[in-house]
Amino acid sequence: MSYPQNHTNEDSVILTEKLSKTYEGIVPVKAVNQVDLEVKKGEFIALVGPSGSGKTTLLNLLGGLDSPTSGSVIIHNQDIAQLTKNQLIDFRLRNIGFVFQAYNLIPVLTARENVEFVMLLQKIPVEVRNARVDQLLKEVGLSEQANKKPSKLSGGQQQRVAVARALASKPQFVLADEPTANLDSKTAFNLLDMMAKLNEDEGITFIFSTHDQRVIERAKRVITLVDGSLESDIVKEVLVA
Amino acid sequence: MIIKLAWRNLWRNRKRTIITSASVVFAVLLAIFLNSLKEGILVRMQENVVSFYTGAIQVHRLGYWDDQTIENTFEVNDELINSIELNGKVTDMIPRLESFGLTASEQNSRGSLIVGIDPEKERVVTKIDQKVVAGSYLSAQDQAAMITSGLAEYLKLTIGDTLVIIGQGYHGVSAAGKYPIKGILDFASPQLNKSLVYLPLEQAQQLFGADGRLSALVLEIDKISDAEEITFNLSSSIQSDFEVMNWKTLLPELDQIIEGERAENVIFLLVLYMLISFGIFGTILMMTMERKYEFGVLVAIGMKKIKLSSVVVFENVLVSLLGAFVGTVLSVPIIGYFNKYPIKVSGDLKEAYEQYGFEPVFYFSIEPPIFYSQTFIVLLIALVLSIYPVIKIGRLDPVNAMRD
C-alpha cells in the first residue's frame, strides 16, 4: 500500500497525521491525541513528558506494535495501518529497530547470536551476516564479549547488544523505549555516546522516549508530550542530512 | 535456528526439564514393561492353543463345526487340495480326524477328545513332539497312543500301560480299541492337558470305521496375522460343501480373552499417559506464562508467530522425546532379561493360574512395536499439548505481552 508521494518529502522517514489512540474502558483514555509529526532521516529525537503522557504508546504506534484508533502512520510511503498482522511483523523486521527498557535479549543466545538473530529471520546469507555482526559488535565496543550470554553481561553491555541487534537489519530508524532507565549514570552516558556516534557517523535515525535529563541534553530534537498531545517540538541544532 | 533455539530453551530451567523428562521416562518404562508382559502372556497363550492345537485355519465339511460328529467328516478330493494349494500363503496341510470317546483304565474313565494325526506332519508343523515328557513320539505305523499328562494322571496310566477307548464310529458302528501308551504329552495350557488322546491317523480311522475320512484339514501359514485374509480368500474359492474357519472363529473365547486383555491394557495406558500429560501440560503452562514478555519482544523485533510457535512446539517435542528415548533405552535390558528368563509363578498363585487354565509363567514380548509405539504416543501427546502455547502465541499482542 503506497501513500501519495506529495504527503512526504524525500528525507521523511515517518509521517503521522492526526494520530490518536484511545484505550476504551469505563473512562476512555486518550493516550495519544491528534499528533502530527514528521521525522526526517538522521534525526536524534528524545520523546519526553511525564509518566502517562503517551510516550510509549506513541513509540508503539510508530513501530507498528499498536494500531491507532484514528489517523495514520506513514513510514517510507507506507501507511502501516493498512498492513495485515503478518505483513506488519515483516515490515518491522525490515524497517524498524527496537531497543526496549529491559530484558531485551534472548537469554539462551550469545551476544553474537542475538545480533545475528534478526538477520537469520531475514534469511541473509551467512557470510554477510558474519561480517555485519563483527562490524556491529565492534561499533558497540563488544567484540570481546561476543560469545557471552546476556546473563554474563552487565546491564549496559546488554543494552549495547540490543542496539547492535536493532541495527542489524539496517532499519529506517531505531525506536528506543527508555533505554537508559535501568542503567547507572556512567553506563547510560556511554550508551548515549555510542548511539550519538552512530547517528553522527552513519546517519541512523533514533527516536527514544525518556525521562532522563542526560538523554534529553544529548538529543538534537526534543518532542514533549502532555496528556497524549504534542506540547512542544524543539530542534536544537541544524541536522546534517 | 528453530531447533537450536528450542534445544537451548530446554535447558534454561534444567531442573524443570529433567523432572518433566523423568516423568515421561517413568511412564514409557512402565508402559513398555506392562505392554511387553501383557503381549508376552497373550501371544504365548495364543501360540499354546492355536499352534499346538487348532492351527491357524481349518477346513471342514460344511456344518461340521456346529455339529461336531463323525458323520460330518469328509474325504479329501483333488479339487479341494488344488483350491487350497492355489492360495500361495498356505505352506502345509495337516489331516486330522477328531471325535469324542470314553477313555478308560482299570481304575478310572473320562470323556476325551481322540485325535488322529499324521505324526510326521505334526512334528514339522505343530511340533507336538516337543511336548513329549515321557516315553516317545508316535510314528505313522504305530498301533499305540499318546495321552496328555492330566489324563494320564487321572487314569493313573503310564508308559506301556493300556488305554481303552470306547465310542461311536462312522454310520453308527461301535468304536472300541485298546492301545498301549507310547508317550505322555504336557501342554502349557492345563485345559489341553486334561483330556487329549493322539492316535496315528490310520489307527483313528480304523477305530471309528471312517477309512479315508477326515474331520479337518489344518492349514499351516507363515504369519498368524494373515489368517483372516486367507480364510476370506479360501472361502470364496473352495467348493461350497466345505467351510473354512480361522482360529478366531474356532476359538472365540480365546479371541475374546486376548482382545479383552488388550483393551484393558489400553485403558490402563490411557490413564497412565493422561496423568503424565497433566505433568507435561503444567510445565508448558508455566513456560508459556513465564516467557510472555520474551515472546512479545520476539514478535516485536520481527519474528513471525508461526516461527515462534515452531520453536515452542519443538521444545515440547524435544523434552517429551528425550524422556521417551531414555525410557525406551532403559527398558531394553530389563525386557531383554525377562524375555530370556520369564518369571515363573509359584505357590498359591501358580495353582490359581492353572485352575483357570493359564500357564503360570509371565512371558515378556520383545516385538519392536511395543518399544517404538510408546515414542509415537509421547510424540502425539507433546503435539496435542502444544496446541495451548500455539494458540497463546497466535493471540499474542506484543504490546500487552511486554506491558504485563
# chains A, B, ... in the order shown; residues from 1 in each chain; ligands from 1
call {"tool": "closest_atom_pairs", "arguments": {"of": "chain B", "to": "chain A", "cutoff": "9 Å", "atoms": "only C-alpha atoms", "output": "JSON lines"}}
result
{"residue": "B:Met1", "atom": "CA", "partner": "A:Leu120", "partner_atom": "CA", "distance": 7.9}
{"residue": "B:Leu5", "atom": "CA", "partner": "A:Val108", "partner_atom": "CA", "distance": 7.3}
{"residue": "B:Arg8", "atom": "CA", "partner": "A:Val108", "partner_atom": "CA", "distance": 5.8}
{"residue": "B:Asn9", "atom": "CA", "partner": "A:Val108", "partner_atom": "CA", "distance": 6.3}
{"residue": "B:Trp11", "atom": "CA", "partner": "A:Val108", "partner_atom": "CA", "distance": 8.7}
{"residue": "B:Arg12", "atom": "CA", "partner": "A:Val108", "partner_atom": "CA", "distance": 7.1}
{"residue": "B:Tyr293", "atom": "CA", "partner": "A:Tyr103", "partner_atom": "CA", "distance": 8.3}
{"residue": "B:Glu294", "atom": "CA", "partner": "A:Ile106", "partner_atom": "CA", "distance": 7.3}
{"residue": "B:Val297", "atom": "CA", "partner": "A:Asn104", "partner_atom": "CA", "distance": 6.8}
{"residue": "B:Leu298", "atom": "CA", "partner": "A:Ile106", "partner_atom": "CA", "distance": 8.3}
{"residue": "B:Val299", "atom": "CA", "partner": "A:Ile89", "partner_atom": "CA", "distance": 6.9}
{"residue": "B:Ala300", "atom": "CA", "partner": "A:Leu65", "partner_atom": "CA", "distance": 6.6}
{"residue": "B:Ile301", "atom": "CA", "partner": "A:Leu93", "partner_atom": "CA", "distance": 5.8}
{"residue": "B:Gly302", "atom": "CA", "partner": "A:Leu93", "partner_atom": "CA", "distance": 4.2}
{"residue": "B:Met303", "atom": "CA", "partner": "A:Leu121", "partner_atom": "CA", "distance": 6.7}
{"residue": "B:Lys304", "atom": "CA", "partner": "A:Ile89", "partner_atom": "CA", "distance": 6.4}
{"residue": "B:Lys305", "atom": "CA", "partner": "A:Asn86", "partner_atom": "CA", "distance": 8.2}
{"residue": "B:Asp397", "atom": "CA", "partner": "A:Leu65", "partner_atom": "CA", "distance": 8.1}
{"residue": "B:Pro398", "atom": "CA", "partner": "A:Leu65", "partner_atom": "CA", "distance": 6.6}
{"residue": "B:Val399", "atom": "CA", "partner": "A:Leu65", "partner_atom": "CA", "distance": 6.3}
call {"tool": "residues_around", "arguments": {"residues": "Phe187 of chain B", "least_positions_apart": "4", "cutoff": "12 Å", "atoms": "only C-alpha atoms", "output": "number ranges by chain"}}
result
B: 44-45, 47-49, 51-53, 127-133, 147-151, 191-196, 354, 357-359
call {"tool": "atom_distance", "arguments": {"atom1": "atom CA of Ile234 of chain A", "atom2": "atom CA of Ser20 of chain A"}}
result
21.3 Å
call {"tool": "closest_residue", "arguments": {"among": "B:His60, B:Lys248, B:Arg262, B:Arg403", "to": "Lys38 of chain B", "atoms": "only C-alpha atoms"}}
result
B:Arg262
call {"tool": "residues_around", "arguments": {"residues": "segment 39-55 of chain A", "least_positions_apart": "3", "cutoff": "6 Å", "atoms": "only C-alpha atoms", "output": "list in words"}}
result
Asp11, Ser12, Val13, Ile14, Ala31, Val32, Leu58, Gly203, Ile204, Thr205, Phe206, Ile207, Phe208, Ser209, Thr210, Ile216, Ala219, Lys220, Arg221, Val222, Ile223, Thr224, Leu225, Val226, Asp227 and Gly228 of chain A
call {"tool": "select_by_dssp", "arguments": {"residues": "segment 55-131 of chain A", "states": "alpha helix (DSSP H)", "output": "ChimeraX atom specification"}}
result
/A:55-62,85-95,111-121,126-131
call {"tool": "closest_residue", "arguments": {"among": "B:Arg395, B:Asp348, B:Gly55, B:Leu80", "to": "Ser237 of chain B", "atoms": "only C-alpha atoms"}}
result
B:Leu80
call {"tool": "select_by_dssp", "arguments": {"residues": "segment 120-330 of chain B", "states": "strand (DSSP E)", "output": "PyMOL selection string"}}
result
chain B and resi 132-135+145-148+162-168+174-185+196-200+213-214+216-221+242-246
call {"tool": "residues_around", "arguments": {"residues": "segment 65-76 of chain B", "least_positions_apart": "2", "cutoff": "8 Å", "atoms": "only C-alpha atoms", "output": "list in words"}}
result
His60, Arg61, Leu62, Gly63, Asp78, Leu80, Ile81, Leu97, Glu98, Ser99, Gly169, Tyr170, His171, Phe208, Gly212, Arg213, Leu214, Ser215 and Ala216 of chain B
call {"tool": "residues_around", "arguments": {"residues": "Lys178 of chain B", "least_positions_apart": "2", "cutoff": "9 Å", "atoms": "only C-alpha atoms", "output": "VMD selection string"}}
result
chain B and resid 144 162 to 166 176 180
call {"tool": "write_last_selection", "arguments": {"atoms": "N, CA, C and O atoms", "output": "compact mmCIF listing (two decimals), in the first residue's frame"}}
result
# COMPACT_ATOMS: atom_id res chain seq x y z
N ALA B 144 -0.38 -97.46 18.66
CA ALA B 144 -0.26 -97.01 20.05
C ALA B 144 -0.85 -95.60 20.17
O ALA B 144 -1.27 -95.00 19.18
N THR B 162 -2.11 -99.88 29.15
CA THR B 162 -3.09 -99.93 28.07
C THR B 162 -4.23 -98.94 28.30
O THR B 162 -4.79 -98.88 29.40
N LEU B 163 -4.52 -98.23 27.25
CA LEU B 163 -5.64 -97.28 27.30
C LEU B 163 -6.79 -97.88 26.49
O LEU B 163 -6.60 -98.37 25.38
N VAL B 164 -7.97 -97.86 27.08
CA VAL B 164 -9.15 -98.38 26.39
C VAL B 164 -9.97 -97.19 25.88
O VAL B 164 -10.19 -96.23 26.61
N ILE B 165 -10.39 -97.29 24.61
CA ILE B 165 -11.24 -96.24 24.05
C ILE B 165 -12.54 -96.88 23.56
O ILE B 165 -12.52 -97.87 22.83
N ILE B 166 -13.65 -96.29 24.00
CA ILE B 166 -14.96 -96.78 23.56
C ILE B 166 -15.74 -95.57 23.04
O ILE B 166 -15.76 -94.52 23.68
N ALA B 176 -14.26 -99.32 19.37
CA ALA B 176 -13.62 -99.78 20.59
C ALA B 176 -12.20 -100.22 20.25
O ALA B 176 -11.97 -100.82 19.20
N PRO B 180 -1.57 -99.40 23.62
CA PRO B 180 -0.51 -99.18 24.61
C PRO B 180 -0.09 -97.70 24.58
O PRO B 180 -0.12 -97.07 23.52
call {"tool": "atom_distance", "arguments": {"atom1": "atom CA of Leu308 of chain B", "atom2": "atom CA of Asp177 of chain A"}}
result
23.3 Å
call {"tool": "residues_around", "arguments": {"residues": "Ala56 of chain B", "least_positions_apart": "5", "cutoff": "9 Å", "atoms": "only C-alpha atoms", "output": "number ranges by chain"}}
result
B: 50-51, 218-221, 223-224, 227, 245-248
call {"tool": "atom_distance", "arguments": {"atom1": "atom CA of Glu228 of chain B", "atom2": "atom CA of Pro119 of chain B"}}
result
26.9 Å
